[in-house]
Amino acid sequence: EKERETLCEIRKGGRQGLGSRAGARQPRREGTSLEYTTVCGMGVTLFAGCSLIAMSPAVIMSLLFVAPKANLVLLMVFSGFFLVLSICAASITWLLIPALHGWPVIALLEGVVWQELGRYAFYRLCFEAEHRTLAMSMDKMISFAPHKLDAMVAIGLGAGTASVLLLVGGTLELALLPGTYYAESCQGMSFFAAAAWHGCLVLHNTLFLTVIGIQSYRQKQSANVAAVAGLHVAASLATTLNAVKGDGCTLSLSALFLITVATGVWAGQIAWKEAPHGNANRTRQSIN
């Protein structure tokens with residue numbers, strides 16, 4: 001810590017502003033996995049900007065589609081809570097089974113299983129809550145039906161936002177220290193920017209998988225449920241490419257982007273059919 005402060009003071013007393021990338025960066029310290037620069041105060045500023053990259057889609061969609069309806073707000077909040085519970089369950093399982101400690105891929109698959117179980121458990125909870133609510137509310141103003149398009153979006157946003165907060169929030173400690181950090185496997189992108197772009201893609205991928213998953217639960221399509229789990233595993237494995245030295249973050253982001261696009265196309269087809277105009281077209285076809 002004293003070394004960082006000394007470098008920071010030297011930087012303040014010397015050249016002002018950000019110099020060349022090579023001149024701004026200091027050698028990596030022995031025994032650490034991150035490099036740091038001597039740009040004072042850069043960490044907090046970059047963290048704030050990158051957090052906006054990761055969180056702005058969730059904030060915008062929440063304000064436009066979720067915030068106007070109280071039931072959607074509840075679905076979003078509790079969906080995020082269930083995501084955190086599933087991650088806690090995965091962490092406890094990992095701690096209780098020492099054999100998982102030496103097999104990171106198996107531990108990753110175990111985490112995916114818990115998250116998929118949490119998604120299905122929340123769907124069942126909403127399904128039962130909808131039946132109880134309809135029995136008590138004659139005007140049907142309160143709805144927790146998970147199969148409606150707006151409800152699927154709210155549930156997906158809740159889980160995705162929780163994932164992003166856990167991912168980006170983990171970088172806050174480094175942001176409070178002087179300097180901008182670079183991982184060994186990502187020389188061309190700062191640690192905060194890489195986490196932000198990963199978080200943004202994870203948010204959208206979680207949203208799309210939730211829409212596909214809930215539709216599959218509703219129609220009892222086992223093959224589609226297995227496909228959702230497979231896409232979830234593929235997205236999780238894509239993040240492990242960050243460990244590749246040199247430019248691992250680019251490989252990871254590229255793979256995760258392709259998976260997100262694939263899930264987005266699938267979820268878009270479901271959303272088109274579930275939208276009001278899609279229902280109207282199906283009604284006209286049935287009448288004809």
# chains A, B, ... in the order shown; residues from 1 in each chain; ligands from 1
>>> closest_atom_pairs(of="region 106-216 of chain A", to="region 75-84 of chain A", cutoff="7 Å", atoms="only C-alpha atoms", output="Markdown table")
| residue | atom | partner | partner_atom | distance |
| --- | --- | --- | --- | --- |
| A:Gln115 | CA | A:Leu83 | CA | 6.5 |
| A:Gly118 | CA | A:Phe82 | CA | 6.1 |
| A:Phe122 | CA | A:Ser79 | CA | 6.9 |
| A:Ala154 | CA | A:Met76 | CA | 4.9 |
| A:Ile155 | CA | A:Met76 | CA | 4.9 |
| A:Leu157 | CA | A:Met76 | CA | 6.3 |
| A:Gly158 | CA | A:Met76 | CA | 4.1 |
| A:Ala159 | CA | A:Gly80 | CA | 4.3 |
| A:Thr161 | CA | A:Gly80 | CA | 7.0 |
| A:Ala162 | CA | A:Gly80 | CA | 5.1 |
>>> residues_around(residues="Leu241 (chain A)", least_positions_apart="3", cutoff="12 Å", atoms="only C-alpha atoms", output="list in words")
Val105, Ser185, Cys186, His198, Ala234, Ala235, Ser236, Leu237, Ala238, Val244, Lys245, Gly246, Asp247, Gly248, Cys249, Thr250, Leu251, Ser252, Leu253, Ser254, Ala255 and Leu256 of chain A
>>> write_last_selection(atoms="all heavy atoms", output="CSV table (one decimal), in the first residue's frame")
chain,number,residue,atom,x,y,z
A,105,VAL,N,-14.2,-26.9,-13.1
A,105,VAL,CA,-15.3,-27.1,-14.1
A,105,VAL,C,-16.5,-27.8,-13.4
A,105,VAL,O,-17.6,-27.4,-13.7
A,105,VAL,CB,-14.8,-27.8,-15.3
A,105,VAL,CG1,-15.9,-28.1,-16.3
A,105,VAL,CG2,-13.7,-27.1,-16.0
A,185,SER,N,-4.4,-11.9,-18.1
A,185,SER,CA,-5.0,-12.5,-19.3
A,185,SER,C,-5.7,-11.5,-20.2
A,185,SER,O,-6.4,-11.8,-21.1
A,185,SER,CB,-6.0,-13.6,-18.9
A,185,SER,OG,-7.0,-13.0,-18.1
A,186,CYS,N,-5.6,-10.2,-19.8
A,186,CYS,CA,-6.3,-9.1,-20.5
A,186,CYS,C,-5.5,-7.9,-20.6
A,186,CYS,O,-5.8,-6.9,-19.8
A,186,CYS,CB,-7.7,-8.9,-19.9
A,186,CYS,SG,-8.8,-7.9,-20.9
A,198,HIS,N,-18.5,-8.1,-19.3
A,198,HIS,CA,-19.0,-9.4,-19.0
A,198,HIS,C,-20.3,-9.3,-18.2
A,198,HIS,O,-21.2,-10.1,-18.5
A,198,HIS,CB,-18.0,-10.1,-18.1
A,198,HIS,CG,-16.9,-10.8,-18.8
A,198,HIS,ND1,-15.7,-10.3,-19.1
A,198,HIS,CD2,-16.9,-12.1,-19.3
A,198,HIS,CE1,-14.9,-11.1,-19.8
A,198,HIS,NE2,-15.6,-12.2,-19.9
A,234,ALA,N,-22.8,-23.4,-21.3
A,234,ALA,CA,-21.9,-22.9,-22.3
A,234,ALA,C,-21.5,-21.4,-22.0
A,234,ALA,O,-20.3,-21.1,-22.1
A,234,ALA,CB,-22.6,-22.9,-23.7
A,235,ALA,N,-22.4,-20.6,-21.5
A,235,ALA,CA,-22.1,-19.3,-21.1
A,235,ALA,C,-21.1,-19.2,-19.9
A,235,ALA,O,-20.2,-18.4,-19.9
A,235,ALA,CB,-23.4,-18.5,-20.8
A,236,SER,N,-21.3,-20.2,-19.0
A,236,SER,CA,-20.5,-20.2,-17.8
A,236,SER,C,-19.1,-20.7,-18.2
A,236,SER,O,-18.0,-20.1,-17.8
A,236,SER,CB,-21.0,-21.2,-16.8
A,236,SER,OG,-22.3,-20.7,-16.3
A,237,LEU,N,-19.0,-21.6,-19.1
A,237,LEU,CA,-17.7,-22.1,-19.6
A,237,LEU,C,-17.0,-21.0,-20.4
A,237,LEU,O,-15.7,-20.9,-20.4
A,237,LEU,CB,-17.8,-23.4,-20.5
A,237,LEU,CG,-18.2,-24.6,-19.7
A,237,LEU,CD1,-18.5,-25.8,-20.7
A,237,LEU,CD2,-17.2,-25.0,-18.7
A,238,ALA,N,-17.7,-20.2,-21.1
A,238,ALA,CA,-17.1,-19.1,-21.9
A,238,ALA,C,-16.4,-18.1,-20.9
A,238,ALA,O,-15.3,-17.6,-21.3
A,238,ALA,CB,-18.2,-18.3,-22.6
A,244,VAL,N,-7.0,-17.6,-20.1
A,244,VAL,CA,-6.0,-17.8,-21.1
A,244,VAL,C,-5.2,-16.5,-21.1
A,244,VAL,O,-5.6,-15.4,-21.2
A,244,VAL,CB,-6.7,-17.9,-22.5
A,244,VAL,CG1,-5.7,-18.0,-23.6
A,244,VAL,CG2,-7.6,-19.1,-22.5
A,245,LYS,N,-3.9,-16.7,-21.0
A,245,LYS,CA,-2.9,-15.6,-20.9
A,245,LYS,C,-2.8,-14.9,-22.3
A,245,LYS,O,-2.9,-15.5,-23.3
A,245,LYS,CB,-1.6,-16.1,-20.5
A,245,LYS,CG,-1.5,-16.5,-19.0
A,245,LYS,CD,-0.1,-16.8,-18.6
A,245,LYS,CE,-0.1,-17.2,-17.1
A,245,LYS,NZ,1.3,-17.5,-16.6
A,246,GLY,N,-2.6,-13.6,-22.2
A,246,GLY,CA,-2.5,-12.8,-23.4
A,246,GLY,C,-3.7,-12.0,-23.7
A,246,GLY,O,-3.7,-10.8,-23.5
A,247,ASP,N,-4.7,-12.6,-24.2
A,247,ASP,CA,-6.0,-11.9,-24.6
A,247,ASP,C,-7.2,-12.7,-24.3
A,247,ASP,O,-8.1,-12.9,-25.1
A,247,ASP,CB,-5.9,-11.5,-26.1
A,247,ASP,CG,-6.7,-10.3,-26.4
A,247,ASP,OD1,-7.2,-9.6,-25.4
A,247,ASP,OD2,-7.0,-10.0,-27.6
A,248,GLY,N,-7.2,-13.3,-23.1
A,248,GLY,CA,-8.3,-14.2,-22.7
A,248,GLY,C,-9.6,-13.5,-22.6
A,248,GLY,O,-10.6,-14.1,-22.9
A,249,CYS,N,-9.6,-12.3,-22.2
A,249,CYS,CA,-10.9,-11.5,-22.0
A,249,CYS,C,-11.6,-11.4,-23.4
A,249,CYS,O,-12.8,-11.4,-23.5
A,249,CYS,CB,-10.7,-10.2,-21.3
A,249,CYS,SG,-9.6,-9.1,-22.2
A,250,THR,N,-10.8,-11.1,-24.4
A,250,THR,CA,-11.4,-11.0,-25.8
A,250,THR,C,-12.0,-12.3,-26.2
A,250,THR,O,-13.1,-12.3,-26.8
A,250,THR,CB,-10.3,-10.6,-26.8
A,250,THR,OG1,-9.7,-9.3,-26.4
A,250,THR,CG2,-10.9,-10.4,-28.2
A,251,LEU,N,-11.3,-13.4,-26.0
A,251,LEU,CA,-11.9,-14.7,-26.3
A,251,LEU,C,-13.2,-15.0,-25.5
A,251,LEU,O,-14.2,-15.4,-26.0
A,251,LEU,CB,-10.9,-15.8,-26.0
A,251,LEU,CG,-9.6,-15.8,-26.9
A,251,LEU,CD1,-8.7,-16.9,-26.4
A,251,LEU,CD2,-10.0,-16.0,-28.4
A,252,SER,N,-13.1,-14.6,-24.2
A,252,SER,CA,-14.3,-14.9,-23.4
A,252,SER,C,-15.5,-14.0,-23.8
A,252,SER,O,-16.6,-14.5,-23.9
A,252,SER,CB,-13.9,-14.6,-21.9
A,252,SER,OG,-15.0,-14.7,-21.1
A,253,LEU,N,-15.2,-12.7,-24.0
A,253,LEU,CA,-16.3,-11.8,-24.4
A,253,LEU,C,-16.9,-12.2,-25.8
A,253,LEU,O,-18.1,-12.1,-26.0
A,253,LEU,CB,-15.8,-10.4,-24.5
A,253,LEU,CG,-15.5,-9.7,-23.1
A,253,LEU,CD1,-14.8,-8.4,-23.3
A,253,LEU,CD2,-16.8,-9.5,-22.3
A,254,SER,N,-16.0,-12.7,-26.7
A,254,SER,CA,-16.5,-13.1,-28.0
A,254,SER,C,-17.4,-14.3,-27.9
A,254,SER,O,-18.5,-14.3,-28.5
A,254,SER,CB,-15.3,-13.3,-28.9
A,254,SER,OG,-14.5,-12.2,-29.1
A,255,ALA,N,-17.0,-15.3,-27.2
A,255,ALA,CA,-17.8,-16.5,-27.0
A,255,ALA,C,-19.1,-16.2,-26.3
A,255,ALA,O,-20.2,-16.7,-26.7
A,255,ALA,CB,-17.0,-17.5,-26.2
A,256,LEU,N,-19.0,-15.4,-25.2
A,256,LEU,CA,-20.2,-15.0,-24.5
A,256,LEU,C,-21.2,-14.2,-25.3
A,256,LEU,O,-22.4,-14.4,-25.3
A,256,LEU,CB,-19.9,-14.3,-23.2
A,256,LEU,CG,-21.0,-14.0,-22.2
A,256,LEU,CD1,-21.6,-15.3,-21.8
A,256,LEU,CD2,-20.4,-13.3,-21.0
>>> closest_residue(among="A:Pro68, A:Gly230, A:Pro276, A:Gly264", to="Leu109 (chain A)", atoms="only C-alpha atoms")
A:Gly230
>>> residues_around(residues="Tyr123 (chain A)", least_positions_apart="6", cutoff="12 Å", atoms="only C-alpha atoms", output="PyMOL selection string")
chain A and resi 75+78-79+82+116-117+129-130+144-148+151-152+155-156+210-211+213-218
>>> closest_residue(among="A:Cys88, A:Val164, A:Leu52, A:Leu149", to="Phe65 (chain A)", atoms="only C-alpha atoms")
A:Leu149
>>> select_by_dssp(residues="region 158-224 of chain A", states="helix (DSSP H, G or I)", output="PyMOL selection string")
chain A and resi 158-169+172-175+191-219+222-224
>>> atom_distance(atom1="CA of Ala193 (chain A)", atom2="CA of Ala58 (chain A)")
17.2 Å
>>> closest_residue(among="A:Val168, A:Val113, A:Val73, A:Leu46", to="Ser86 (chain A)", atoms="only C-alpha atoms")
A:Val113
